Amino acid sequence: MSQNLFELFTADPVEYNMKHLKTQLFMTLITLIREREWTQAVAAKKLHISAPRMSNLFKGYLEKFSIDTLLEMLVRIGYKVDVDFNPENKAHPLVINVKKATL
């Protein structure tokens with residue numbers, strides 16, 4: 001049995017990888033917000049989104065967010081995202097690294 005939850009819902013590798021990427025971006029963003037101990041109101045202001053939209057993010061309503069939007073939010077708070085995809089690596093085909101951006 002697979003260790004990956006998405007493989008239980010889809011056999012399509014494209015759909016699987018897109019859902020995995022979105023989830024990883026979401027988890028990273030929530031972690032960074034919590035590490036800074038921002039309230040949802042503060043985080044919404046810094047990310048240039050409405051309070052209800054921030055509430056949706058914290059509730060995990062990922063279907064309401066595109067990958068582009070999640071990437072934009074990470075960039076807004078000073079991070080860059082490096083994504084490596086290796087289809088030969090069946091266990092971890094998608095590796096995401098979030099790093100503090102340097103200007």
# chains A, B, ... in the order shown; residues from 1 in each chain; ligands from 1
call {"tool": "select_by_dssp", "arguments": {"residues": "chain A", "states": "strand (DSSP E or B)", "output": "NGL selection string"}}
result
:A and (79-85 or 94-100)
call {"tool": "write_last_selection", "arguments": {"atoms": "N, CA and C atoms", "output": "mmCIF file, in the first residue's frame"}}
result
data_model
loop_
_atom_site.group_PDB
_atom_site.id
_atom_site.type_symbol
_atom_site.label_atom_id
_atom_site.label_comp_id
_atom_site.auth_asym_id
_atom_site.auth_seq_id
_atom_site.Cartn_x
_atom_site.Cartn_y
_atom_site.Cartn_z
ATOM 1 N N TYR A 79 10.027 35.048 0.311
ATOM 2 C CA TYR A 79 10.611 33.739 0.041
ATOM 3 C C TYR A 79 10.640 33.443 -1.446
ATOM 4 N N LYS A 80 11.523 32.564 -1.825
ATOM 5 C CA LYS A 80 11.543 32.040 -3.185
ATOM 6 C C LYS A 80 11.368 30.534 -3.093
ATOM 7 N N VAL A 81 10.834 29.977 -4.159
ATOM 8 C CA VAL A 81 10.513 28.556 -4.163
ATOM 9 C C VAL A 81 11.266 27.886 -5.304
ATOM 10 N N ASP A 82 12.022 26.859 -4.974
ATOM 11 C CA ASP A 82 12.689 26.031 -5.973
ATOM 12 C C ASP A 82 11.991 24.682 -5.992
ATOM 13 N N VAL A 83 11.576 24.263 -7.171
ATOM 14 C CA VAL A 83 10.885 22.988 -7.318
ATOM 15 C C VAL A 83 11.674 22.110 -8.271
ATOM 16 N N ASP A 84 11.961 20.899 -7.834
ATOM 17 C CA ASP A 84 12.634 19.915 -8.678
ATOM 18 C C ASP A 84 11.699 18.727 -8.880
ATOM 19 N N PHE A 85 11.556 18.323 -10.120
ATOM 20 C CA PHE A 85 10.720 17.181 -10.438
ATOM 21 C C PHE A 85 11.556 16.112 -11.107
ATOM 22 N N LEU A 94 8.617 14.933 -6.515
ATOM 23 C CA LEU A 94 8.569 16.380 -6.459
ATOM 24 C C LEU A 94 9.210 16.848 -5.158
ATOM 25 N N VAL A 95 10.255 17.644 -5.278
ATOM 26 C CA VAL A 95 10.956 18.168 -4.108
ATOM 27 C C VAL A 95 10.860 19.688 -4.151
ATOM 28 N N ILE A 96 10.375 20.272 -3.079
ATOM 29 C CA ILE A 96 10.189 21.711 -2.990
ATOM 30 C C ILE A 96 11.092 22.268 -1.890
ATOM 31 N N ASN A 97 11.829 23.316 -2.243
ATOM 32 C CA ASN A 97 12.665 24.012 -1.277
ATOM 33 C C ASN A 97 12.227 25.456 -1.227
ATOM 34 N N VAL A 98 11.894 25.937 -0.035
ATOM 35 C CA VAL A 98 11.521 27.322 0.160
ATOM 36 C C VAL A 98 12.670 27.983 0.893
ATOM 37 N N LYS A 99 13.144 29.087 0.307
ATOM 38 C CA LYS A 99 14.301 29.776 0.873
ATOM 39 C C LYS A 99 14.002 31.249 1.023
ATOM 40 N N LYS A 100 14.584 31.840 2.022
ATOM 41 C CA LYS A 100 14.465 33.275 2.206
ATOM 42 C C LYS A 100 15.116 33.951 1.016
#
call {"tool": "residues_around", "arguments": {"residues": "Ser66 of chain A", "least_positions_apart": "5", "cutoff": "12 Å", "atoms": "only C-alpha atoms", "output": "list of chain:residue names"}}
result
A:Met18, A:Lys19, A:Leu21, A:Lys22, A:Thr23, A:Leu25, A:Phe26, A:Leu57, A:Tyr61, A:Leu71, A:Glu72, A:Met73
call {"tool": "closest_residue", "arguments": {"among": "A:Pro87, A:Arg36, A:Val14, A:Met27", "to": "Leu70 of chain A", "atoms": "only C-alpha atoms"}}
result
A:Met27
call {"tool": "closest_residue", "arguments": {"among": "A:Phe58, A:Ala11, A:Tyr16, A:Pro52", "to": "Ile33 of chain A", "atoms": "only C-alpha atoms"}}
result
A:Phe58
